[in-house]
$ cat coords03.pdb   # PDB, C-alpha atoms
ATOM      1  CA  ARG A   1       5.272  15.041  -3.103
ATOM      2  CA  ALA A   2       5.917  18.724  -2.411
ATOM      3  CA  ARG A   3       8.428  17.797   0.291
ATOM      4  CA  VAL A   4      10.342  15.589  -2.151
ATOM      5  CA  LEU A   5      10.306  18.194  -4.935
ATOM      6  CA  GLY A   6      11.471  20.776  -2.417
ATOM      7  CA  ARG A   7      14.709  18.794  -2.083
ATOM      8  CA  ARG A   8      15.532  18.883  -5.798
ATOM      9  CA  ASP A   9      18.628  21.007  -5.127
ATOM     10  CA  ASP A  10      20.099  18.019  -3.287
ATOM     11  CA  PRO A  11      22.244  16.226  -5.923
ATOM     12  CA  ASP A  12      21.084  12.771  -4.815
ATOM     13  CA  VAL A  13      17.400  13.720  -4.910
ATOM     14  CA  ARG A  14      17.869  15.490  -8.254
ATOM     15  CA  ARG A  15      19.453  12.323  -9.663
ATOM     16  CA  LEU A  16      16.516  10.221  -8.458
ATOM     17  CA  LEU A  17      13.940  12.609  -9.878
ATOM     18  CA  ALA A  18      15.763  12.527 -13.217
ATOM     19  CA  THR A  19      15.964   8.723 -13.398
ATOM     20  CA  ARG A  20      12.729   7.516 -11.740
ATOM     21  CA  VAL A  21       9.004   7.900 -12.378
ATOM     22  CA  LEU A  22       6.966   8.731  -9.275
ATOM     23  CA  TRP A  23       3.212   8.281  -9.675
ATOM     24  CA  VAL A  24       1.121  10.088  -7.044
ATOM     25  CA  GLN A  25      -2.562   9.414  -6.434
ATOM     26  CA  PRO A  26      -3.757  12.147  -4.057
ATOM     27  CA  MET A  27      -6.910  10.331  -2.951
ATOM     28  CA  MET A  28      -8.705   7.040  -3.586
ATOM     29  CA  ASN A  29     -11.880   7.665  -1.603
ATOM     30  CA  PRO A  30     -13.030  11.308  -1.935
ATOM     31  CA  ASP A  31     -16.597  10.435  -0.893
ATOM     32  CA  GLY A  32     -15.349   8.827   2.305
ATOM     33  CA  VAL A  33     -13.150  11.807   3.089
ATOM     34  CA  ALA A  34     -16.075  14.169   2.529
ATOM     35  CA  HIS A  35     -18.227  12.181   4.961
ATOM     36  CA  THR A  36     -15.449  11.311   7.450
ATOM     37  CA  THR A  37     -15.733   7.561   6.942
ATOM     38  CA  ARG A  38     -13.438   4.847   5.663
ATOM     39  CA  LYS A  39     -16.204   3.631   3.306
ATOM     40  CA  ASN A  40     -17.078   4.989  -0.117
ATOM     41  CA  ALA A  41     -20.467   6.342  -1.203
ATOM     42  CA  ARG A  42     -21.772   2.775  -1.652
ATOM     43  CA  GLY A  43     -20.688   1.777   1.848
ATOM     44  CA  VAL A  44     -17.657  -0.341   0.896
ATOM     45  CA  ASP A  45     -14.222  -0.237   2.524
ATOM     46  CA  LEU A  46     -12.135   0.095  -0.639
ATOM     47  CA  ASN A  47      -8.960  -1.148   1.038
ATOM     48  CA  ARG A  48     -10.633  -4.555   1.482
ATOM     49  CA  ASN A  49     -12.185  -4.789  -1.980
ATOM     50  CA  PHE A  50      -9.122  -5.958  -3.937
ATOM     51  CA  GLY A  51      -9.051  -9.379  -5.540
ATOM     52  CA  TYR A  52      -6.180 -11.210  -3.867
ATOM     53  CA  ARG A  53      -7.717 -13.802  -1.503
ATOM     54  CA  TRP A  54     -10.754 -11.521  -1.151
ATOM     55  CA  GLY A  55     -13.155 -12.582   1.584
ATOM     56  CA  GLU A  56     -10.738 -15.019   3.253
ATOM     57  CA  ASN A  57      -9.527 -15.088   6.867
ATOM     58  CA  TRP A  58     -12.494 -13.299   8.419
ATOM     59  CA  SER A  59     -13.804 -14.812  11.647
ATOM     60  CA  ARG A  60     -17.028 -13.023  10.703
ATOM     61  CA  ARG A  61     -17.289 -11.500   7.255
ATOM     62  CA  PRO A  62     -18.329  -7.837   7.651
ATOM     63  CA  GLY A  63     -21.798  -6.995   6.336
ATOM     64  CA  PRO A  64     -23.070  -3.763   4.755
ATOM     65  CA  ASP A  65     -23.580  -2.145   8.155
ATOM     66  CA  ASP A  66     -20.007  -2.856   9.235
ATOM     67  CA  ASP A  67     -17.328  -0.159   9.072
ATOM     68  CA  ARG A  68     -15.111  -2.622   7.160
ATOM     69  CA  TYR A  69     -17.649  -3.948   4.649
ATOM     70  CA  ILE A  70     -15.703  -5.666   1.855
ATOM     71  CA  GLY A  71     -18.417  -5.416  -0.810
ATOM     72  CA  GLU A  72     -20.443  -8.024  -2.701
ATOM     73  CA  ARG A  73     -17.468  -9.316  -4.660
ATOM     74  CA  PRO A  74     -13.828  -8.362  -5.369
ATOM     75  CA  PHE A  75     -13.453  -5.198  -7.420
ATOM     76  CA  CYS A  76     -17.172  -4.462  -7.282
ATOM     77  CA  GLU A  77     -16.357  -0.769  -6.702
ATOM     78  CA  PRO A  78     -15.326   1.646  -9.481
ATOM     79  CA  GLU A  79     -12.547   3.130  -7.338
ATOM     80  CA  SER A  80     -10.782  -0.178  -6.695
ATOM     81  CA  ARG A  81     -11.185  -1.174 -10.368
ATOM     82  CA  ALA A  82      -9.693   2.131 -11.507
ATOM     83  CA  VAL A  83      -6.652   1.770  -9.238
ATOM     84  CA  ALA A  84      -6.092  -1.834 -10.356
ATOM     85  CA  ALA A  85      -6.408  -0.906 -14.029
ATOM     86  CA  PHE A  86      -3.885   1.905 -13.673
ATOM     87  CA  LEU A  87      -1.366  -0.278 -11.845
ATOM     88  CA  ARG A  88      -1.713  -3.106 -14.355
ATOM     89  CA  ALA A  89      -0.928  -0.615 -17.121
ATOM     90  CA  GLN A  90       2.388   0.419 -15.531
ATOM     91  CA  PRO A  91       4.748  -2.536 -16.087
ATOM     92  CA  SER A  92       7.736  -0.704 -14.604
ATOM     93  CA  ILE A  93       6.299  -0.198 -11.103
ATOM     94  CA  GLY A  94       8.591  -1.896  -8.607
ATOM     95  CA  VAL A  95       7.380  -0.402  -5.305
ATOM     96  CA  TYR A  96       3.912   0.661  -4.158
ATOM     97  CA  PHE A  97       3.452   2.850  -1.055
ATOM     98  CA  ASP A  98      -0.118   3.111   0.281
ATOM     99  CA  VAL A  99      -0.686   5.963   2.768
ATOM    100  CA  HIS A 100      -3.658   5.923   5.166
ATOM    101  CA  GLY A 101      -4.619   8.276   7.967
ATOM    102  CA  SER A 102      -4.883   7.761  11.739
ATOM    103  CA  SER A 103      -1.670   6.540  13.406
ATOM    104  CA  ARG A 104       2.014   5.717  12.850
ATOM    105  CA  ILE A 105       2.519   2.140  11.662
ATOM    106  CA  LEU A 106       4.160   0.515   8.642
ATOM    107  CA  PHE A 107       2.613  -2.687   7.325
ATOM    108  CA  THR A 108       3.889  -5.405   4.997
ATOM    109  CA  PRO A 109       1.546  -7.450   2.763
ATOM    110  CA  PHE A 110      -0.630 -10.368   3.856
ATOM    111  CA  GLY A 111      -1.009  -9.403   7.546
ATOM    112  CA  GLY A 112       0.236 -12.747   8.789
ATOM    113  CA  GLN A 113      -2.555 -14.452   6.815
ATOM    114  CA  GLY A 114      -0.609 -15.487   3.737
ATOM    115  CA  PRO A 115       2.891 -16.354   2.540
ATOM    116  CA  PRO A 116       5.603 -14.901   4.764
ATOM    117  CA  PRO A 117       7.280 -11.801   3.327
ATOM    118  CA  SER A 118      10.491 -12.539   1.461
ATOM    119  CA  ALA A 119      13.853 -11.616   2.934
ATOM    120  CA  GLY A 120      14.244  -8.953   0.247
ATOM    121  CA  LEU A 121      10.902  -7.382   1.082
ATOM    122  CA  MET A 122      11.690  -7.358   4.792
ATOM    123  CA  ASP A 123      15.086  -5.824   4.087
ATOM    124  CA  LEU A 124      13.396  -3.062   2.106
ATOM    125  CA  TYR A 125      10.903  -2.613   4.953
ATOM    126  CA  ALA A 126      13.693  -2.304   7.539
ATOM    127  CA  GLY A 127      15.499   0.248   5.372
ATOM    128  CA  LEU A 128      12.280   2.210   4.885
ATOM    129  CA  ASP A 129      11.592   2.293   8.621
ATOM    130  CA  GLU A 130      15.172   3.357   9.311
ATOM    131  CA  ALA A 131      15.081   6.063   6.637
ATOM    132  CA  MET A 132      11.930   7.477   8.225
ATOM    133  CA  GLY A 133      13.578   7.645  11.643
ATOM    134  CA  ARG A 134      12.258   4.403  13.153
ATOM    135  CA  TYR A 135       8.734   5.513  12.319
ATOM    136  CA  ASN A 136       7.304   2.138  13.237
ATOM    137  CA  GLN A 137       8.689   2.585  16.767
ATOM    138  CA  GLY A 138      10.632  -0.663  16.622
ATOM    139  CA  ARG A 139       7.580  -2.874  16.086
ATOM    140  CA  ASP A 140       7.972  -5.909  13.850
ATOM    141  CA  PRO A 141       5.447  -5.538  10.972
ATOM    142  CA  ARG A 142       4.920  -9.305  10.883
ATOM    143  CA  ILE A 143       3.624  -9.095  14.454
ATOM    144  CA  VAL A 144       1.760  -5.808  14.112
ATOM    145  CA  ALA A 145       0.094  -6.894  10.895
ATOM    146  CA  THR A 146      -1.310 -10.101  12.395
ATOM    147  CA  VAL A 147      -3.643  -7.959  14.485
ATOM    148  CA  SER A 148      -5.546  -7.071  11.305
ATOM    149  CA  SER A 149      -7.948  -9.832  10.288
ATOM    150  CA  GLY A 150      -9.337 -10.445   6.855
ATOM    151  CA  SER A 151      -7.935  -9.976   3.384
ATOM    152  CA  GLY A 152      -8.534  -8.128   0.152
ATOM    153  CA  TYR A 153      -6.103  -5.360   1.051
ATOM    154  CA  THR A 154      -4.637  -3.179  -1.678
ATOM    155  CA  ILE A 155      -1.020  -4.060  -0.865
ATOM    156  CA  ASP A 156      -1.866  -7.790  -0.770
ATOM    157  CA  TRP A 157      -3.126  -7.565  -4.368
ATOM    158  CA  VAL A 158      -0.224  -5.383  -5.540
ATOM    159  CA  HIS A 159       2.362  -7.757  -4.085
ATOM    160  CA  GLY A 160       0.545 -11.057  -4.598
ATOM    161  CA  ILE A 161      -0.753 -10.439  -8.123
ATOM    162  CA  LEU A 162       1.512  -7.789  -9.657
ATOM    163  CA  GLY A 163       4.643  -8.926  -7.838
ATOM    164  CA  ALA A 164       5.721  -5.423  -6.767
ATOM    165  CA  ALA A 165       7.045  -4.604  -3.311
ATOM    166  CA  ALA A 166       4.195  -2.978  -1.382
ATOM    167  CA  PHE A 167       3.716  -1.326   1.993
ATOM    168  CA  THR A 168       0.994   0.524   3.858
ATOM    169  CA  LEU A 169       1.873   3.540   5.973
ATOM    170  CA  VAL A 170      -0.769   4.444   8.537
ATOM    171  CA  PHE A 171      -0.147   8.156   8.786
ATOM    172  CA  PRO A 172      -1.602  10.785  11.171
ATOM    173  CA  GLY A 173      -4.694  12.481   9.805
ATOM    174  CA  ASP A 174      -3.220  15.814  10.890
ATOM    175  CA  PRO A 175       0.492  15.249  10.212
ATOM    176  CA  SER A 176       3.177  17.373  11.806
ATOM    177  CA  ALA A 177       6.110  18.838   9.901
ATOM    178  CA  ALA A 178       8.205  15.959  11.278
ATOM    179  CA  ASP A 179       5.686  13.437   9.907
ATOM    180  CA  LEU A 180       5.813  15.052   6.471
ATOM    181  CA  ASP A 181       9.611  15.071   6.526
ATOM    182  CA  ALA A 182       9.622  11.390   7.523
ATOM    183  CA  LEU A 183       7.271  10.583   4.650
ATOM    184  CA  ALA A 184       9.548  12.437   2.215
ATOM    185  CA  ASP A 185      12.552  10.540   3.601
ATOM    186  CA  GLY A 186      10.681   7.286   3.044
ATOM    187  CA  ILE A 187       9.742   8.169  -0.534
ATOM    188  CA  VAL A 188      13.345   9.123  -1.357
ATOM    189  CA  HIS A 189      14.518   5.810   0.095
ATOM    190  CA  LEU A 190      12.016   3.863  -2.012
ATOM    191  CA  LEU A 191      12.995   5.792  -5.137
ATOM    192  CA  GLU A 192      16.587   4.827  -4.474
ATOM    193  CA  ARG A 193      15.791   1.143  -3.986
ATOM    194  CA  ALA A 194      12.975   0.716  -6.527
ATOM    195  CA  PRO A 195      15.151  -0.649  -9.382
ATOM    196  CA  ALA A 196      16.093  -3.605  -7.175
ATOM    197  CA  PHE A 197      12.421  -4.659  -7.107
ATOM    198  CA  PRO A 198      11.197  -5.055 -10.683
ATOM    199  CA  ARG A 199       7.598  -6.095 -11.020
ATOM    200  CA  LEU A 200       7.521  -9.888 -11.141
ATOM    201  CA  ARG A 201       5.088 -10.407 -13.981
ATOM    202  CA  TRP A 202       4.983 -14.161 -13.368
ATOM    203  CA  ALA A 203       3.416 -13.626  -9.943
ATOM    204  CA  GLY A 204      -0.143 -13.057 -11.135
ATOM    205  CA  ARG A 205      -0.065 -15.870 -13.678
ATOM    206  CA  LEU A 206       1.277 -18.293 -11.099
ATOM    207  CA  LEU A 207      -1.414 -17.422  -8.554
ATOM    208  CA  LEU A 208      -4.246 -17.456 -11.087
ATOM    209  CA  ARG A 209      -3.396 -20.995 -12.191
ATOM    210  CA  ARG A 210      -4.088 -22.378  -8.718
TER
END
$ encode --input "coords03.pdb" --output "structure tokens"
Amino acid sequence: RARVLGRRDDPDVRRLLATRVLWVQPMMNPDGVAHTTRKNARGVDLNRNFGYRWGENWSRRPGPDDDRYIGERPFCEPESRAVAAFLRAQPSIGVYFDVHGSSRILFTPFGGQGPPPSAGLMDLYAGLDEAMGRYNQGRDPRIVATVSSGSGYTIDWVHGILGAAAFTLVFPGDPSAADLDALADGIVHLLERAPAFPRLRWAGRLLLRR
């Protein structure tokens, strides 16, 4: 966020900041960060606790001792419920950008386990990757994402239920200045394109009727 605000003297960035709303959630899992684990204080991987196709596509569903434990049921954790409640209350959100730490990969929703991404979503993905300086190192997210098994991911729920464009950026835990600049470039790109992706409010109703 600071990198984006630092560019406010740029006329294009100033225009975007004046005509867009950028919501920033600094951290979803403070307990996990404090204990250097991906799980929260109750031992649940929050990124796999969301309610879109929760528990599907696992060759072996992770148990409580697993590093990727999905919880007893979807949204059983207060953190995932709080994020979902906030996002549901923001009808104008068109794009959701989920930043994780460890590497340099951009993911699209569903991880090869659900409906193929739309052409519009893939076009936005390609533009995001290009704006960040080919951050994904030329890898096709539809191929990269199939490596990840399971479901219940945050971006799957945001895209599949809320109908917003959604991406996950796996970001270095100790980012360089170049990484931070690339992230700012990506955020500016998404701010520019966000109006083209209004939240499709029919998406959740359509899925819930099945």
$ axis_aligned_box --input "coords03.pdb" --around "segment 51-67 of chain A" --padding-each-side "5 Å" --output "AutoDock Vina command-line options"
--center_x -14.9 --center_y -7.6 --center_z 3.1 --size_x 27.4 --size_y 24.9 --size_z 27.2
$ closest_residue --input "coords03.pdb" --among "A:Pro109, A:Tyr52, A:Ala182, A:Tyr96" --to "Asn136 of chain A" --atoms "only C-alpha atoms"
A:Ala182
$ atom_distance --input "coords03.pdb" --atom1 "atom CA of Gly32 of chain A" --atom2 "atom CA of Ile70 of chain A"
14.5 Å
$ residues_near_point --input "coords03.pdb" --point "(9.8, -3.4, -8.4)" --cutoff "8 Å" --atoms "all atoms listed in the file" --output "JSON, numbers by chain"
{"A": [92, 93, 94, 95, 163, 164, 165, 194, 195, 196, 197, 198, 199, 200]}
$ residues_around --input "coords03.pdb" --residues "Ala18 of chain A" --least-positions-apart "5" --cutoff "10 Å" --atoms "only C-alpha atoms" --output "list of chain:residue names"
A:Arg8, A:Asp12, A:Val13
$ closest_residue --input "coords03.pdb" --among "A:Glu130, A:Met27, A:Val44, A:Gly111" --to "Asp65 of chain A" --atoms "all atoms listed in the file"
A:Val44
$ atom_distance --input "coords03.pdb" --atom1 "atom CA of Asp174 of chain A" --atom2 "atom CA of Ser151 of chain A"
27.3 Å
$ resolve_selection --input "coords03.pdb" --expression "the PyMOL selection byres ((chain A and resi 69) around 9)" --output "list in words"
Lys39, Gly43, Val44, Asp45, Leu46, Arg48, Asn49, Arg61, Pro62, Gly63, Pro64, Asp65, Asp66, Asp67, Arg68, Ile70, Gly71 and Glu72 of chain A
$ write_last_selection --input "coords03.pdb" --atoms "C-alpha atoms" --output "mmCIF file, keeping the file's coordinate frame"
data_model
loop_
_atom_site.group_PDB
_atom_site.id
_atom_site.type_symbol
_atom_site.label_atom_id
_atom_site.label_comp_id
_atom_site.auth_asym_id
_atom_site.auth_seq_id
_atom_site.Cartn_x
_atom_site.Cartn_y
_atom_site.Cartn_z
ATOM 1 C CA LYS A 39 -16.204 3.631 3.306
ATOM 2 C CA GLY A 43 -20.688 1.777 1.848
ATOM 3 C CA VAL A 44 -17.657 -0.341 0.896
ATOM 4 C CA ASP A 45 -14.222 -0.237 2.524
ATOM 5 C CA LEU A 46 -12.135 0.095 -0.639
ATOM 6 C CA ARG A 48 -10.633 -4.555 1.482
ATOM 7 C CA ASN A 49 -12.185 -4.789 -1.980
ATOM 8 C CA ARG A 61 -17.289 -11.500 7.255
ATOM 9 C CA PRO A 62 -18.329 -7.837 7.651
ATOM 10 C CA GLY A 63 -21.798 -6.995 6.336
ATOM 11 C CA PRO A 64 -23.070 -3.763 4.755
ATOM 12 C CA ASP A 65 -23.580 -2.145 8.155
ATOM 13 C CA ASP A 66 -20.007 -2.856 9.235
ATOM 14 C CA ASP A 67 -17.328 -0.159 9.072
ATOM 15 C CA ARG A 68 -15.111 -2.622 7.160
ATOM 16 C CA ILE A 70 -15.703 -5.666 1.855
ATOM 17 C CA GLY A 71 -18.417 -5.416 -0.810
ATOM 18 C CA GLU A 72 -20.443 -8.024 -2.701
#
$ resolve_selection --input "coords03.pdb" --expression "the PyMOL selection byres ((chain A and resi 192) around 10)" --output "number ranges by chain"
A: 12-13, 15-17, 19-20, 186-191, 193-196
$ residues_around --input "coords03.pdb" --residues "Gly51 of chain A" --least-positions-apart "5" --cutoff "8 Å" --atoms "all atoms listed in the file" --output "ChimeraX atom specification"
/A:74-75,152,157
$ atom_distance --input "coords03.pdb" --atom1 "atom CA of Thr108 of chain A" --atom2 "atom CA of Asp140 of chain A"
9.8 Å
$ resolve_selection --input "coords03.pdb" --expression "the PyMOL selection byres ((chain A and resi 98) around 9)" --output "PyMOL selection string"
chain A and resi 96-97+99-100+154-155+166-170
$ closest_atom_pairs --input "coords03.pdb" --of "segment 18-40 of chain A" --to "segment 76-82 of chain A" --cutoff "10 Å" --atoms "only C-alpha atoms" --output "JSON lines"
{"residue": "A:Met28", "atom": "CA", "partner": "A:Glu79", "partner_atom": "CA", "distance": 6.6}
{"residue": "A:Asn29", "atom": "CA", "partner": "A:Glu79", "partner_atom": "CA", "distance": 7.3}
{"residue": "A:Pro30", "atom": "CA", "partner": "A:Glu79", "partner_atom": "CA", "distance": 9.8}
{"residue": "A:Asn40", "atom": "CA", "partner": "A:Glu79", "partner_atom": "CA", "distance": 8.7}
$ closest_residue --input "coords03.pdb" --among "A:Gly138, A:Gly160, A:Gly133, A:Pro91" --to "Pro117 of chain A" --atoms "all atoms listed in the file"
A:Gly160
$ closest_residue --input "coords03.pdb" --among "A:Gly150, A:Val24, A:Gly173, A:Gly55" --to "Phe86 of chain A" --atoms "only C-alpha atoms"
A:Val24
$ closest_residue --input "coords03.pdb" --among "A:Asn47, A:Asn57, A:Gln90, A:Ser103" --to "Ser176 of chain A" --atoms "only C-alpha atoms"
A:Ser103
$ closest_residue --input "coords03.pdb" --among "A:Leu22, A:Leu121, A:Ala41, A:Ala178" --to "Val4 of chain A" --atoms "all atoms listed in the file"
A:Leu22
$ decode --input "coords03.pdb" --residues "segment 152-163 of chain A" --atoms "all heavy atoms" --output "PDB file, in the first residue's frame"
ATOM      1  N   GLY A 152     -11.414 -25.370  -1.158  1.00  0.00           N
ATOM      2  CA  GLY A 152     -11.674 -24.530   0.001  1.00  0.00           C
ATOM      3  C   GLY A 152     -10.812 -23.297   0.065  1.00  0.00           C
ATOM      4  O   GLY A 152     -10.757 -22.615   1.094  1.00  0.00           O
ATOM      5  N   TYR A 153     -10.133 -22.976  -1.054  1.00  0.00           N
ATOM      6  CA  TYR A 153      -9.244 -21.823  -1.070  1.00  0.00           C
ATOM      7  C   TYR A 153     -10.036 -20.517  -1.058  1.00  0.00           C
ATOM      8  O   TYR A 153     -11.155 -20.436  -1.567  1.00  0.00           O
ATOM      9  CB  TYR A 153      -8.355 -21.859  -2.314  1.00  0.00           C
ATOM     10  CG  TYR A 153      -7.433 -23.040  -2.353  1.00  0.00           C
ATOM     11  CD1 TYR A 153      -7.704 -24.128  -3.186  1.00  0.00           C
ATOM     12  CD2 TYR A 153      -6.293 -23.085  -1.562  1.00  0.00           C
ATOM     13  CE1 TYR A 153      -6.854 -25.222  -3.227  1.00  0.00           C
ATOM     14  CE2 TYR A 153      -5.434 -24.176  -1.590  1.00  0.00           C
ATOM     15  CZ  TYR A 153      -5.728 -25.241  -2.429  1.00  0.00           C
ATOM     16  OH  TYR A 153      -4.894 -26.324  -2.458  1.00  0.00           O
ATOM     17  N   THR A 154      -9.411 -19.480  -0.513  1.00  0.00           N
ATOM     18  CA  THR A 154     -10.068 -18.184  -0.418  1.00  0.00           C
ATOM     19  C   THR A 154     -10.487 -17.675  -1.792  1.00  0.00           C
ATOM     20  O   THR A 154     -11.634 -17.245  -1.982  1.00  0.00           O
ATOM     21  CB  THR A 154      -9.130 -17.161   0.247  1.00  0.00           C
ATOM     22  OG1 THR A 154      -8.588 -17.718   1.438  1.00  0.00           O
ATOM     23  CG2 THR A 154      -9.872 -15.884   0.567  1.00  0.00           C
ATOM     24  N   ILE A 155      -9.570 -17.720  -2.769  1.00  0.00           N
ATOM     25  CA  ILE A 155      -9.901 -17.167  -4.085  1.00  0.00           C
ATOM     26  C   ILE A 155     -10.961 -17.998  -4.795  1.00  0.00           C
ATOM     27  O   ILE A 155     -11.709 -17.472  -5.618  1.00  0.00           O
ATOM     28  CB  ILE A 155      -8.658 -16.970  -4.979  1.00  0.00           C
ATOM     29  CG1 ILE A 155      -7.946 -18.294  -5.251  1.00  0.00           C
ATOM     30  CG2 ILE A 155      -7.722 -15.937  -4.378  1.00  0.00           C
ATOM     31  CD1 ILE A 155      -6.843 -18.181  -6.304  1.00  0.00           C
ATOM     32  N   ASP A 156     -11.040 -19.312  -4.502  1.00  0.00           N
ATOM     33  CA  ASP A 156     -12.101 -20.132  -5.090  1.00  0.00           C
ATOM     34  C   ASP A 156     -13.464 -19.626  -4.624  1.00  0.00           C
ATOM     35  O   ASP A 156     -14.403 -19.502  -5.410  1.00  0.00           O
ATOM     36  CB  ASP A 156     -11.942 -21.593  -4.677  1.00  0.00           C
ATOM     37  CG  ASP A 156     -10.711 -22.256  -5.276  1.00  0.00           C
ATOM     38  OD1 ASP A 156      -9.986 -21.578  -6.030  1.00  0.00           O
ATOM     39  OD2 ASP A 156     -10.473 -23.432  -4.977  1.00  0.00           O
ATOM     40  N   TRP A 157     -13.583 -19.331  -3.320  1.00  0.00           N
ATOM     41  CA  TRP A 157     -14.843 -18.846  -2.765  1.00  0.00           C
ATOM     42  C   TRP A 157     -15.174 -17.452  -3.304  1.00  0.00           C
ATOM     43  O   TRP A 157     -16.315 -17.179  -3.691  1.00  0.00           O
ATOM     44  CB  TRP A 157     -14.759 -18.824  -1.235  1.00  0.00           C
ATOM     45  CG  TRP A 157     -16.017 -18.374  -0.573  1.00  0.00           C
ATOM     46  CD1 TRP A 157     -17.117 -19.135  -0.289  1.00  0.00           C
ATOM     47  CD2 TRP A 157     -16.315 -17.045  -0.114  1.00  0.00           C
ATOM     48  NE1 TRP A 157     -18.084 -18.358   0.316  1.00  0.00           N
ATOM     49  CE2 TRP A 157     -17.622 -17.081   0.434  1.00  0.00           C
ATOM     50  CE3 TRP A 157     -15.607 -15.843  -0.117  1.00  0.00           C
ATOM     51  CZ2 TRP A 157     -18.219 -15.949   0.979  1.00  0.00           C
ATOM     52  CZ3 TRP A 157     -16.209 -14.721   0.427  1.00  0.00           C
ATOM     53  CH2 TRP A 157     -17.501 -14.776   0.969  1.00  0.00           C
ATOM     54  N   VAL A 158     -14.170 -16.568  -3.339  1.00  0.00           N
ATOM     55  CA  VAL A 158     -14.408 -15.204  -3.813  1.00  0.00           C
ATOM     56  C   VAL A 158     -14.898 -15.220  -5.260  1.00  0.00           C
ATOM     57  O   VAL A 158     -15.856 -14.523  -5.615  1.00  0.00           O
ATOM     58  CB  VAL A 158     -13.129 -14.352  -3.677  1.00  0.00           C
ATOM     59  CG1 VAL A 158     -13.297 -13.010  -4.384  1.00  0.00           C
ATOM     60  CG2 VAL A 158     -12.788 -14.128  -2.210  1.00  0.00           C
ATOM     61  N   HIS A 159     -14.267 -16.033  -6.095  1.00  0.00           N
ATOM     62  CA  HIS A 159     -14.652 -16.067  -7.505  1.00  0.00           C
ATOM     63  C   HIS A 159     -15.912 -16.901  -7.721  1.00  0.00           C
ATOM     64  O   HIS A 159     -16.813 -16.499  -8.457  1.00  0.00           O
ATOM     65  CB  HIS A 159     -13.507 -16.624  -8.341  1.00  0.00           C
ATOM     66  CG  HIS A 159     -13.744 -16.529  -9.820  1.00  0.00           C
ATOM     67  ND1 HIS A 159     -14.032 -15.344 -10.459  1.00  0.00           N
ATOM     68  CD2 HIS A 159     -13.751 -17.486 -10.788  1.00  0.00           C
ATOM     69  CE1 HIS A 159     -14.189 -15.562 -11.756  1.00  0.00           C
ATOM     70  NE2 HIS A 159     -14.041 -16.860 -11.976  1.00  0.00           N
ATOM     71  N   GLY A 160     -15.977 -18.071  -7.070  1.00  0.00           N
ATOM     72  CA  GLY A 160     -17.089 -18.980  -7.311  1.00  0.00           C
ATOM     73  C   GLY A 160     -18.388 -18.565  -6.657  1.00  0.00           C
ATOM     74  O   GLY A 160     -19.468 -18.845  -7.191  1.00  0.00           O
ATOM     75  N   ILE A 161     -18.333 -17.889  -5.517  1.00  0.00           N
ATOM     76  CA  ILE A 161     -19.536 -17.494  -4.802  1.00  0.00           C
ATOM     77  C   ILE A 161     -19.859 -16.013  -4.984  1.00  0.00           C
ATOM     78  O   ILE A 161     -20.992 -15.639  -5.280  1.00  0.00           O
ATOM     79  CB  ILE A 161     -19.413 -17.813  -3.295  1.00  0.00           C
ATOM     80  CG1 ILE A 161     -19.260 -19.331  -3.099  1.00  0.00           C
ATOM     81  CG2 ILE A 161     -20.614 -17.297  -2.523  1.00  0.00           C
ATOM     82  CD1 ILE A 161     -20.435 -20.157  -3.601  1.00  0.00           C
ATOM     83  N   LEU A 162     -18.862 -15.153  -4.844  1.00  0.00           N
ATOM     84  CA  LEU A 162     -19.113 -13.714  -4.991  1.00  0.00           C
ATOM     85  C   LEU A 162     -19.065 -13.255  -6.441  1.00  0.00           C
ATOM     86  O   LEU A 162     -19.595 -12.203  -6.781  1.00  0.00           O
ATOM     87  CB  LEU A 162     -18.110 -12.907  -4.166  1.00  0.00           C
ATOM     88  CG  LEU A 162     -18.124 -13.131  -2.658  1.00  0.00           C
ATOM     89  CD1 LEU A 162     -17.175 -12.158  -1.980  1.00  0.00           C
ATOM     90  CD2 LEU A 162     -19.531 -12.987  -2.090  1.00  0.00           C
ATOM     91  N   GLY A 163     -18.373 -14.012  -7.295  1.00  0.00           N
ATOM     92  CA  GLY A 163     -18.310 -13.649  -8.700  1.00  0.00           C
ATOM     93  C   GLY A 163     -17.288 -12.586  -9.032  1.00  0.00           C
ATOM     94  O   GLY A 163     -17.304 -12.017 -10.122  1.00  0.00           O
TER      95      GLY A 163
END
